[in-house]
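Novice: Contents of coords.txt (compact mmCIF, C-alpha atoms and all ligand atoms):
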```
# COMPACT_ATOMS: atom_id res chain seq x y z
CA MET A 24 -140.72 -10.16 -79.25
CA ILE A 25 -142.90 -11.83 -76.65
CA ARG A 26 -146.58 -11.38 -77.49
CA VAL A 27 -149.34 -12.15 -75.01
CA GLU A 28 -152.77 -12.22 -76.65
CA LYS A 29 -155.96 -12.19 -74.58
CA VAL A 30 -154.53 -14.61 -72.07
CA SER A 31 -156.67 -15.93 -69.24
CA PHE A 32 -155.44 -18.54 -66.82
CA ALA A 33 -157.09 -20.48 -64.01
CA TYR A 34 -155.31 -22.75 -61.55
CA ASN A 35 -157.16 -26.04 -61.01
CA ALA A 36 -159.28 -25.16 -64.04
CA ASP A 37 -160.96 -28.57 -64.10
CA SER A 38 -161.80 -28.70 -60.41
CA ASP A 39 -164.83 -27.42 -58.47
CA SER A 40 -162.84 -24.47 -57.21
CA PRO A 41 -160.76 -22.93 -60.03
CA VAL A 42 -158.65 -19.87 -59.15
CA GLN A 43 -158.82 -17.28 -61.91
CA ALA A 44 -155.30 -15.79 -61.87
CA LEU A 45 -155.15 -13.98 -65.25
CA ARG A 46 -157.98 -12.26 -67.10
CA GLU A 47 -157.63 -11.28 -70.77
CA VAL A 48 -154.07 -10.02 -70.57
CA ASP A 49 -152.56 -8.37 -73.67
CA LEU A 50 -148.90 -7.41 -73.70
CA GLU A 51 -146.02 -7.03 -76.14
CA ILE A 52 -142.40 -7.03 -75.04
CA GLU A 53 -139.84 -6.16 -77.68
CA ARG A 54 -136.24 -7.36 -77.91
CA GLY A 55 -133.98 -5.19 -75.76
CA GLN A 56 -136.78 -3.64 -73.69
CA PHE A 57 -136.64 -3.34 -69.90
CA VAL A 58 -140.12 -3.97 -68.56
CA VAL A 59 -141.11 -3.77 -64.90
CA ILE A 60 -144.25 -5.48 -63.60
CA VAL A 61 -145.74 -4.28 -60.31
CA GLY A 62 -148.92 -5.09 -58.41
CA HIS A 63 -149.89 -6.19 -54.91
CA ASN A 64 -149.60 -9.79 -53.71
CA GLY A 65 -151.81 -12.20 -55.61
CA SER A 66 -152.38 -9.84 -58.57
CA GLY A 67 -151.04 -12.45 -61.01
CA LYS A 68 -147.47 -11.26 -61.67
CA SER A 69 -145.74 -14.62 -61.15
CA THR A 70 -148.47 -16.44 -63.07
CA LEU A 71 -147.94 -14.10 -66.02
CA ALA A 72 -144.15 -14.52 -65.78
CA LYS A 73 -144.48 -18.30 -65.97
CA HIS A 74 -146.39 -17.91 -69.25
CA PHE A 75 -143.40 -16.19 -70.89
CA ASN A 76 -141.34 -19.39 -70.94
CA ALA A 77 -144.07 -22.01 -71.16
CA LEU A 78 -143.93 -23.06 -67.51
CA LEU A 79 -147.68 -22.39 -67.69
CA ILE A 80 -149.89 -22.60 -70.77
CA PRO A 81 -152.89 -20.25 -71.07
CA THR A 82 -156.37 -21.55 -70.30
CA GLU A 83 -157.51 -19.15 -73.03
CA GLY A 84 -155.54 -16.97 -75.46
CA ASN A 85 -151.98 -17.40 -76.71
CA VAL A 86 -148.39 -16.49 -75.89
CA PHE A 87 -145.84 -16.19 -78.69
CA VAL A 88 -142.08 -16.07 -78.15
CA GLU A 89 -140.51 -14.86 -81.39
CA ASN A 90 -143.54 -16.25 -83.22
CA MET A 91 -143.44 -19.65 -81.49
CA ASN A 92 -146.69 -20.47 -79.73
CA THR A 93 -145.99 -21.75 -76.20
CA ARG A 94 -148.78 -24.32 -76.74
CA ASP A 95 -146.70 -25.99 -79.41
CA GLU A 96 -144.71 -28.73 -77.64
CA LYS A 97 -142.12 -28.96 -80.39
CA HIS A 98 -140.98 -25.41 -79.52
CA ILE A 99 -140.77 -25.83 -75.77
CA TRP A 100 -136.96 -26.23 -75.50
CA ASP A 101 -136.34 -23.41 -77.95
CA ILE A 102 -138.60 -21.20 -75.88
CA ARG A 103 -136.96 -22.18 -72.58
CA GLN A 104 -133.54 -21.44 -74.12
CA LYS A 105 -134.64 -18.01 -75.33
CA VAL A 106 -136.44 -17.00 -72.13
CA GLY A 107 -134.54 -17.56 -68.89
CA MET A 108 -135.85 -17.08 -65.39
CA VAL A 109 -134.31 -15.82 -62.14
CA PHE A 110 -136.29 -16.43 -58.97
CA GLN A 111 -136.61 -14.73 -55.60
CA ASN A 112 -134.52 -17.07 -53.49
CA PRO A 113 -130.91 -17.24 -54.70
CA ASP A 114 -130.32 -20.40 -52.64
CA ASN A 115 -132.91 -22.44 -54.54
CA GLN A 116 -131.49 -21.97 -58.03
CA LEU A 117 -127.78 -22.75 -57.80
CA VAL A 118 -127.15 -26.46 -58.37
CA ALA A 119 -123.36 -27.03 -58.51
CA THR A 120 -120.75 -26.88 -55.74
CA VAL A 121 -118.52 -24.44 -57.67
CA VAL A 122 -119.64 -21.16 -59.29
CA GLU A 123 -118.11 -21.91 -62.68
CA ASP A 124 -119.77 -25.35 -62.89
CA ASP A 125 -123.09 -23.81 -61.97
CA ILE A 126 -122.91 -21.38 -64.89
CA ALA A 127 -121.87 -24.24 -67.21
CA PHE A 128 -124.76 -26.46 -66.10
CA GLY A 129 -127.34 -25.18 -68.62
CA PRO A 130 -125.18 -25.34 -71.76
CA GLU A 131 -123.80 -28.75 -70.67
CA ASN A 132 -127.34 -30.11 -70.44
CA VAL A 133 -128.15 -29.12 -74.01
CA GLY A 134 -124.93 -30.60 -75.39
CA VAL A 135 -122.90 -27.48 -76.21
CA PRO A 136 -119.27 -28.51 -77.06
CA PRO A 137 -116.82 -28.06 -74.12
CA GLU A 138 -114.66 -25.28 -75.69
CA GLU A 139 -117.80 -23.33 -76.52
CA ILE A 140 -119.10 -23.82 -72.96
CA GLN A 141 -115.85 -22.46 -71.54
CA ARG A 142 -116.01 -19.45 -73.84
CA ARG A 143 -119.60 -18.71 -72.84
CA VAL A 144 -118.93 -19.19 -69.12
CA ASP A 145 -115.91 -16.85 -69.21
CA GLU A 146 -117.91 -14.24 -71.11
CA ALA A 147 -120.92 -14.50 -68.75
CA MET A 148 -118.70 -14.16 -65.68
CA ARG A 149 -116.93 -11.17 -67.21
CA ILE A 150 -120.23 -9.38 -67.95
CA MET A 151 -121.59 -10.10 -64.46
CA GLY A 152 -118.29 -9.13 -62.77
CA ILE A 153 -117.91 -12.45 -60.93
CA SER A 154 -114.78 -13.89 -62.55
CA HIS A 155 -112.90 -13.57 -59.23
CA VAL A 156 -115.32 -15.98 -57.48
CA ARG A 157 -115.28 -18.64 -60.23
CA ASP A 158 -113.70 -21.27 -57.93
CA LYS A 159 -115.85 -20.47 -54.90
CA ALA A 160 -118.72 -22.51 -53.52
CA PRO A 161 -122.04 -20.68 -54.12
CA HIS A 162 -122.95 -20.82 -50.42
CA MET A 163 -119.86 -18.71 -49.65
CA LEU A 164 -121.21 -15.81 -51.73
CA SER A 165 -123.40 -12.86 -50.76
CA GLY A 166 -127.03 -12.82 -51.90
CA GLY A 167 -126.26 -10.26 -54.61
CA GLN A 168 -123.38 -12.37 -55.91
CA LYS A 169 -125.60 -15.48 -55.96
CA GLN A 170 -128.18 -13.67 -58.07
CA ARG A 171 -125.39 -12.57 -60.43
CA VAL A 172 -124.30 -16.20 -60.76
CA ALA A 173 -127.90 -17.17 -61.58
CA ILE A 174 -128.04 -14.43 -64.24
CA ALA A 175 -124.66 -15.55 -65.64
CA GLY A 176 -126.10 -19.07 -66.00
CA ILE A 177 -128.85 -17.66 -68.21
CA LEU A 178 -126.36 -15.58 -70.21
CA ALA A 179 -124.40 -18.79 -70.87
CA MET A 180 -127.58 -20.20 -72.44
CA GLN A 181 -127.58 -17.17 -74.77
CA SER A 182 -131.15 -16.27 -73.84
CA ASN A 183 -132.67 -13.15 -75.39
CA TYR A 184 -135.09 -12.49 -72.52
CA ILE A 185 -134.53 -12.76 -68.79
CA ILE A 186 -137.50 -12.80 -66.44
CA MET A 187 -136.71 -11.90 -62.84
CA ASP A 188 -139.41 -12.61 -60.28
CA GLU A 189 -138.69 -10.44 -57.22
CA PRO A 190 -134.93 -11.12 -57.45
CA THR A 191 -134.09 -8.42 -54.91
CA SER A 192 -136.71 -9.00 -52.24
CA LEU A 193 -134.48 -11.21 -50.05
CA LEU A 194 -131.35 -9.08 -50.56
CA ASP A 195 -129.85 -6.25 -48.52
CA PRO A 196 -129.56 -2.80 -50.18
CA VAL A 197 -126.04 -3.58 -51.50
CA GLY A 198 -127.27 -6.83 -53.09
CA ARG A 199 -130.27 -5.03 -54.59
CA GLU A 200 -128.02 -2.46 -56.22
CA GLU A 201 -125.83 -5.28 -57.58
CA VAL A 202 -128.87 -6.78 -59.28
CA MET A 203 -129.97 -3.40 -60.67
CA GLU A 204 -126.46 -2.85 -62.03
CA SER A 205 -126.62 -6.32 -63.61
CA ILE A 206 -129.86 -5.33 -65.32
CA ARG A 207 -128.15 -2.24 -66.79
CA LYS A 208 -125.40 -4.48 -68.17
CA LEU A 209 -127.92 -6.90 -69.70
CA ARG A 210 -129.60 -3.98 -71.47
CA ARG A 211 -126.26 -2.91 -72.91
CA GLU A 212 -125.94 -6.48 -74.26
CA GLY A 213 -129.32 -6.04 -75.98
CA ILE A 214 -131.09 -8.53 -73.72
CA SER A 215 -134.69 -7.90 -72.63
CA VAL A 216 -135.26 -7.87 -68.90
CA ILE A 217 -138.69 -8.35 -67.40
CA LEU A 218 -138.46 -7.48 -63.72
CA ILE A 219 -141.18 -8.17 -61.18
CA THR A 220 -140.65 -6.09 -58.06
CA HIS A 221 -142.38 -4.35 -55.19
CA PHE A 222 -139.65 -1.71 -54.94
CA MET A 223 -141.07 1.15 -56.99
CA HIS A 224 -137.74 2.93 -57.41
CA GLU A 225 -136.50 -0.12 -59.37
CA ALA A 226 -139.10 0.77 -62.02
CA ILE A 227 -137.75 4.26 -62.68
CA GLU A 228 -135.30 3.18 -65.42
CA ALA A 229 -137.79 0.91 -67.20
CA ASP A 230 -138.92 1.40 -70.80
CA MET A 231 -142.39 0.25 -69.73
CA VAL A 232 -144.12 -0.22 -66.39
CA VAL A 233 -147.00 -2.68 -66.23
CA VAL A 234 -149.39 -2.50 -63.26
CA MET A 235 -151.45 -5.59 -62.43
CA ASP A 236 -154.52 -5.97 -60.26
CA GLU A 237 -156.71 -9.05 -59.84
CA GLY A 238 -155.26 -10.80 -62.86
CA ARG A 239 -155.61 -7.83 -65.19
CA ILE A 240 -153.21 -5.25 -66.57
CA VAL A 241 -154.73 -2.03 -65.28
CA MET A 242 -152.01 0.42 -66.35
CA LYS A 243 -149.16 0.31 -68.83
CA GLY A 244 -146.78 3.06 -69.94
CA THR A 245 -143.48 4.79 -69.33
CA PRO A 246 -142.54 5.29 -65.67
CA ARG A 247 -143.39 8.98 -66.08
CA GLU A 248 -146.85 8.22 -67.42
CA VAL A 249 -147.63 5.58 -64.82
CA PHE A 250 -146.24 7.29 -61.72
CA GLY A 251 -147.78 10.58 -62.83
CA ARG A 252 -151.12 8.88 -62.07
CA ALA A 253 -150.34 8.70 -58.36
CA GLU A 254 -153.99 8.68 -57.19
CA GLU A 255 -154.75 5.57 -59.23
CA ILE A 256 -151.53 3.90 -58.06
CA ARG A 257 -152.43 4.58 -54.45
CA ALA A 258 -155.97 3.29 -54.98
CA LEU A 259 -154.31 -0.05 -55.85
CA SER A 260 -152.43 0.05 -52.50
CA LEU A 261 -149.15 0.70 -54.30
CA ASP A 262 -146.67 3.54 -53.84
CA VAL A 263 -145.05 5.89 -56.28
CA PRO A 264 -141.25 6.32 -55.92
CA LEU A 265 -140.20 8.46 -52.96
CA VAL A 266 -138.76 11.23 -55.11
CA THR A 267 -142.05 11.45 -57.04
CA GLN A 268 -143.94 11.66 -53.72
CA MET A 269 -141.71 14.56 -52.69
CA ALA A 270 -142.29 16.41 -55.95
CA MET A 271 -146.05 15.97 -55.53
CA ARG A 272 -146.00 17.30 -51.95
CA LEU A 273 -143.96 20.31 -53.05
CA ASN A 274 -146.34 20.90 -55.95
CA ASP A 275 -149.28 20.72 -53.50
CA MET A 276 -147.54 23.36 -51.39
CA GLY A 277 -147.40 25.68 -54.39
CA VAL A 278 -143.81 25.08 -55.48
CA ASP A 279 -143.42 25.33 -59.24
CA ILE A 280 -142.36 21.75 -59.95
CA PRO A 281 -143.88 19.02 -62.14
CA ARG A 282 -145.71 16.18 -60.37
CA ASN A 283 -144.01 13.34 -62.27
CA VAL A 284 -140.37 13.81 -61.32
CA LEU A 285 -138.48 10.49 -61.34
CA SER A 286 -134.96 11.07 -60.10
CA VAL A 287 -133.14 13.01 -57.41
CA GLU A 288 -131.10 14.78 -60.11
CA GLU A 289 -134.28 15.94 -61.79
CA LEU A 290 -135.73 17.13 -58.48
CA ILE A 291 -132.60 19.16 -57.76
CA GLU A 292 -132.61 20.63 -61.24
CA HIS A 293 -136.19 21.87 -60.82
CA LEU A 294 -135.58 23.26 -57.32
CA CYS A 295 -132.24 24.97 -57.96
N1 LIG B 301 -150.16 -23.11 -57.61
C1 LIG B 301 -151.27 -22.42 -57.38
N2 LIG B 301 -152.45 -23.05 -57.18
C2 LIG B 301 -153.59 -22.34 -56.97
N3 LIG B 301 -153.66 -21.00 -56.94
C3 LIG B 301 -152.52 -20.32 -57.14
C4 LIG B 301 -151.26 -20.98 -57.36
N4 LIG B 301 -150.30 -20.04 -57.53
C5 LIG B 301 -150.91 -18.85 -57.41
N5 LIG B 301 -152.24 -19.00 -57.17
C6 LIG B 301 -153.24 -17.93 -57.03
O1 LIG B 301 -153.26 -17.18 -58.24
C7 LIG B 301 -153.38 -15.79 -57.99
C8 LIG B 301 -152.19 -15.05 -58.58
O2 LIG B 301 -151.02 -15.47 -57.90
P1 LIG B 301 -149.56 -15.01 -58.32
O3 LIG B 301 -149.43 -15.07 -59.79
O4 LIG B 301 -148.60 -15.79 -57.50
O5 LIG B 301 -149.56 -13.47 -57.87
P2 LIG B 301 -148.34 -12.49 -57.52
O6 LIG B 301 -147.10 -13.08 -58.11
O7 LIG B 301 -148.75 -11.19 -58.14
O8 LIG B 301 -148.28 -12.39 -56.03
C9 LIG B 301 -153.50 -15.66 -56.47
O9 LIG B 301 -154.87 -15.63 -56.16
C10 LIG B 301 -152.87 -16.93 -55.95
O10 LIG B 301 -153.42 -17.29 -54.71
MG MG B 302 -145.26 -13.56 -57.18
```
Is it possible to give me this structure as structure tokens?

Specialist:
Amino acid sequence: MIRVEKVSFAYNADSDSPVQALREVDLEIERGQFVVIVGHNGSGKSTLAKHFNALLIPTEGNVFVENMNTRDEKHIWDIRQKVGMVFQNPDNQLVATVVEDDIAFGPENVGVPPEEIQRRVDEAMRIMGISHVRDKAPHMLSGGQKQRVAIAGILAMQSNYIIMDEPTSLLDPVGREEVMESIRKLRREGISVILITHFMHEAIEADMVVVMDEGRIVMKGTPREVFGRAEEIRALSLDVPLVTQMAMRLNDMGVDIPRNVLSVEELIEHLC
């Protein structure tokens, strides 16, 4: 698992004007879990994400990835191999001129034998459903396809955890759904996904939703627990999913329906 223990972090900690970005954060993410992190801009989500794979080291507290402390420099490459990262802009993370080479780039850099690389690349493309674009140039692909190539590159590294920092925010609705479908596939492969998003409906399928505000975790629980506390969510200038909002309105109007409905199917079941 990934274990975050009382982590505080300040940017420019040694300067006259440090920026306190994380305050005493505790969090445990188990293998195979799908965790969604939400919170308004500047609440510390990206800073926390960068602690999961040792891109940042805590000012105070500790982060352990499968019992390796991210402070320990001898573990840094192991940690980076286990915890991959997908960023917001698909154009900034593809490095090769051909899709297949891009996916092979990570394993090549760590000296995996060529036959093994080919096996991993084929497998990663199969899982992500991009085998048919293997010979294409990344810039010819849609945004959703580019993000799937980026995810395939992490799969080829055999990472156990994939952090995605707003991977859908620059995509159209089709591309967003492609990424969500990719996340479902990763879960079936037993890989943990930690998704940072501002689309609340993307949190509905999560095992755990984490809500951040001013560098702290202010709420943590199943989607039903968290979105059932709609007043608190709204006080943080966040929304609950649309279908939950509808259920709450109906409940306010006297309709016999729970206030923490999470899917359209569930809403229909209660109404009909
Ligand atoms: N490189 C940086 N240098 C200084 N301050 C930063 C840097 N990156 C982020 N911050 C500050 O840290 C806080 C948390 O930022 P961030 O983790 O990016 O939040 P989020 O991802 O939730 O929008 C914000 O106040 C932000 O301005
Ligand atoms: Mg961010």

Novice: Could you give me the residues within 7 Å of ligand LIG 301 (chain B), counting only C-alpha atoms and all ligand atoms, as JSON, numbers by chain?

Specialist: {"A": [34, 35, 42, 43, 44, 62, 63, 64, 65, 66, 67, 68, 69, 70, 71, 238]}

Novice: Please provide as a PDB file with C-alpha atoms, in the coordinates of the input all residues within 12 Å of Leu178 of chain A, with the sequence filter that same-chain residues fewer than 6 positions apart are discarded (counting all atoms listed in the file).

Specialist:
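Resulting contents of selection-v4.pdb:
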```
ATOM      1  CA  GLN A 104    -133.540 -21.440 -74.120  1.00  0.00           C
ATOM      2  CA  LYS A 105    -134.640 -18.010 -75.330  1.00  0.00           C
ATOM      3  CA  VAL A 106    -136.440 -17.000 -72.130  1.00  0.00           C
ATOM      4  CA  GLY A 107    -134.540 -17.560 -68.890  1.00  0.00           C
ATOM      5  CA  MET A 108    -135.850 -17.080 -65.390  1.00  0.00           C
ATOM      6  CA  VAL A 109    -134.310 -15.820 -62.140  1.00  0.00           C
ATOM      7  CA  ILE A 126    -122.910 -21.380 -64.890  1.00  0.00           C
ATOM      8  CA  ALA A 127    -121.870 -24.240 -67.210  1.00  0.00           C
ATOM      9  CA  PHE A 128    -124.760 -26.460 -66.100  1.00  0.00           C
ATOM     10  CA  GLY A 129    -127.340 -25.180 -68.620  1.00  0.00           C
ATOM     11  CA  PRO A 130    -125.180 -25.340 -71.760  1.00  0.00           C
ATOM     12  CA  ILE A 140    -119.100 -23.820 -72.960  1.00  0.00           C
ATOM     13  CA  ARG A 142    -116.010 -19.450 -73.840  1.00  0.00           C
ATOM     14  CA  ARG A 143    -119.600 -18.710 -72.840  1.00  0.00           C
ATOM     15  CA  VAL A 144    -118.930 -19.190 -69.120  1.00  0.00           C
ATOM     16  CA  ASP A 145    -115.910 -16.850 -69.210  1.00  0.00           C
ATOM     17  CA  GLU A 146    -117.910 -14.240 -71.110  1.00  0.00           C
ATOM     18  CA  ALA A 147    -120.920 -14.500 -68.750  1.00  0.00           C
ATOM     19  CA  MET A 148    -118.700 -14.160 -65.680  1.00  0.00           C
ATOM     20  CA  ARG A 149    -116.930 -11.170 -67.210  1.00  0.00           C
ATOM     21  CA  ILE A 150    -120.230  -9.380 -67.950  1.00  0.00           C
ATOM     22  CA  MET A 151    -121.590 -10.100 -64.460  1.00  0.00           C
ATOM     23  CA  ARG A 171    -125.390 -12.570 -60.430  1.00  0.00           C
ATOM     24  CA  VAL A 172    -124.300 -16.200 -60.760  1.00  0.00           C
ATOM     25  CA  TYR A 184    -135.090 -12.490 -72.520  1.00  0.00           C
ATOM     26  CA  ILE A 185    -134.530 -12.760 -68.790  1.00  0.00           C
ATOM     27  CA  SER A 205    -126.620  -6.320 -63.610  1.00  0.00           C
ATOM     28  CA  ILE A 206    -129.860  -5.330 -65.320  1.00  0.00           C
ATOM     29  CA  LYS A 208    -125.400  -4.480 -68.170  1.00  0.00           C
ATOM     30  CA  LEU A 209    -127.920  -6.900 -69.700  1.00  0.00           C
ATOM     31  CA  GLU A 212    -125.940  -6.480 -74.260  1.00  0.00           C
ATOM     32  CA  GLY A 213    -129.320  -6.040 -75.980  1.00  0.00           C
ATOM     33  CA  ILE A 214    -131.090  -8.530 -73.720  1.00  0.00           C
ATOM     34  CA  SER A 215    -134.690  -7.900 -72.630  1.00  0.00           C
ATOM     35  CA  VAL A 216    -135.260  -7.870 -68.900  1.00  0.00           C
TER      36      VAL A 216
END
```

Novice: Restricting the calculation to all atoms listed in the file, which member of A:Val135, A:Met235, A:Met91, A:Ile102 is positioned closest to ligand MG 302 (chain B)?

Specialist: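 That would be A:Met235, the residue with the smallest distance to ligand MG 302 (chain B).
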
Novice: Take atom CA of Gly167 of chain A and atom CA of Val202 of chain A and report the distance between them in Å, one decimal.

Specialist: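 Going from atom CA of Gly167 of chain A over to atom CA of Val202 of chain A covers 6.4 Å.
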
Novice: Taking all atoms listed in the file into account, which of A:Met187, A:Ala160, A:Leu117, A:Ile25 comes nearest ligand MG 302 (chain B)?

Specialist: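 Distance minimum relative to ligand MG 302 (chain B) lands on A:Met187.
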
Novice: Output, as lines of an AutoDock Vina configuration file, the centre and edge lengths in Å (one decimal) of the axis-aligned box that contains all listed atoms of segment 279-293 of chain A with 3 Å of margin on each side.

Specialist:
```
center_x = -138.4
center_y = 17.9
center_z = -59.8
size_x = 20.6
size_y = 20.8
size_z = 10.9
```

Novice: Nearest to ligand MG 302 (chain B) among A:Asn183, A:Ser165, A:Ser31, A:Ser192, with distances taken over only C-alpha atoms and all ligand atoms: which residue is it?

Specialist: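 The answer is A:Ser192, which sits nearest to ligand MG 302 (chain B).
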
Novice: Output segment 52-65 of chain A as an mmCIF file, in the coordinates of the input, making sure N, CA, C and O atoms are there.

Specialist:
```cif
data_model
loop_
_atom_site.group_PDB
_atom_site.id
_atom_site.type_symbol
_atom_site.label_atom_id
_atom_site.label_comp_id
_atom_site.auth_asym_id
_atom_site.auth_seq_id
_atom_site.Cartn_x
_atom_site.Cartn_y
_atom_site.Cartn_z
ATOM 1 N N ILE A 52 -143.717 -7.401 -75.548
ATOM 2 C CA ILE A 52 -142.400 -7.030 -75.040
ATOM 3 C C ILE A 52 -141.399 -7.198 -76.158
ATOM 4 O O ILE A 52 -141.221 -8.297 -76.680
ATOM 5 N N GLU A 53 -140.764 -6.091 -76.553
ATOM 6 C CA GLU A 53 -139.840 -6.160 -77.680
ATOM 7 C C GLU A 53 -138.440 -6.515 -77.226
ATOM 8 O O GLU A 53 -138.079 -6.313 -76.074
ATOM 9 N N ARG A 54 -137.649 -7.045 -78.181
ATOM 10 C CA ARG A 54 -136.240 -7.360 -77.910
ATOM 11 C C ARG A 54 -135.528 -6.119 -77.379
ATOM 12 O O ARG A 54 -135.667 -5.034 -77.917
ATOM 13 N N GLY A 55 -134.781 -6.293 -76.297
ATOM 14 C CA GLY A 55 -133.980 -5.190 -75.760
ATOM 15 C C GLY A 55 -134.715 -4.316 -74.753
ATOM 16 O O GLY A 55 -134.095 -3.492 -74.094
ATOM 17 N N GLN A 56 -136.030 -4.484 -74.623
ATOM 18 C CA GLN A 56 -136.780 -3.640 -73.690
ATOM 19 C C GLN A 56 -136.562 -4.057 -72.241
ATOM 20 O O GLN A 56 -136.370 -5.238 -71.952
ATOM 21 N N PHE A 57 -136.643 -3.077 -71.347
ATOM 22 C CA PHE A 57 -136.640 -3.340 -69.900
ATOM 23 C C PHE A 57 -138.045 -3.037 -69.388
ATOM 24 O O PHE A 57 -138.496 -1.904 -69.416
ATOM 25 N N VAL A 58 -138.727 -4.087 -68.979
ATOM 26 C CA VAL A 58 -140.120 -3.970 -68.560
ATOM 27 C C VAL A 58 -140.230 -4.322 -67.081
ATOM 28 O O VAL A 58 -139.663 -5.332 -66.640
ATOM 29 N N VAL A 59 -140.917 -3.490 -66.324
ATOM 30 C CA VAL A 59 -141.110 -3.770 -64.900
ATOM 31 C C VAL A 59 -142.587 -4.037 -64.639
ATOM 32 O O VAL A 59 -143.450 -3.293 -65.110
ATOM 33 N N ILE A 60 -142.863 -5.134 -63.937
ATOM 34 C CA ILE A 60 -144.250 -5.480 -63.600
ATOM 35 C C ILE A 60 -144.442 -5.292 -62.100
ATOM 36 O O ILE A 60 -143.682 -5.847 -61.299
ATOM 37 N N VAL A 61 -145.433 -4.486 -61.725
ATOM 38 C CA VAL A 61 -145.740 -4.280 -60.310
ATOM 39 C C VAL A 61 -147.214 -4.612 -60.053
ATOM 40 O O VAL A 61 -148.010 -4.720 -60.982
ATOM 41 N N GLY A 62 -147.544 -4.749 -58.780
ATOM 42 C CA GLY A 62 -148.920 -5.090 -58.410
ATOM 43 C C GLY A 62 -148.866 -5.744 -57.037
ATOM 44 O O GLY A 62 -147.846 -6.336 -56.688
ATOM 45 N N HIS A 63 -149.963 -5.643 -56.258
ATOM 46 C CA HIS A 63 -149.890 -6.190 -54.910
ATOM 47 C C HIS A 63 -149.894 -7.723 -54.944
ATOM 48 O O HIS A 63 -150.064 -8.327 -56.005
ATOM 49 N N ASN A 64 -149.680 -8.327 -53.787
ATOM 50 C CA ASN A 64 -149.600 -9.790 -53.710
ATOM 51 C C ASN A 64 -150.850 -10.433 -54.274
ATOM 52 O O ASN A 64 -151.957 -10.014 -53.975
ATOM 53 N N GLY A 65 -150.659 -11.467 -55.078
ATOM 54 C CA GLY A 65 -151.810 -12.200 -55.610
ATOM 55 C C GLY A 65 -152.415 -11.567 -56.850
ATOM 56 O O GLY A 65 -153.441 -12.032 -57.348
#
```
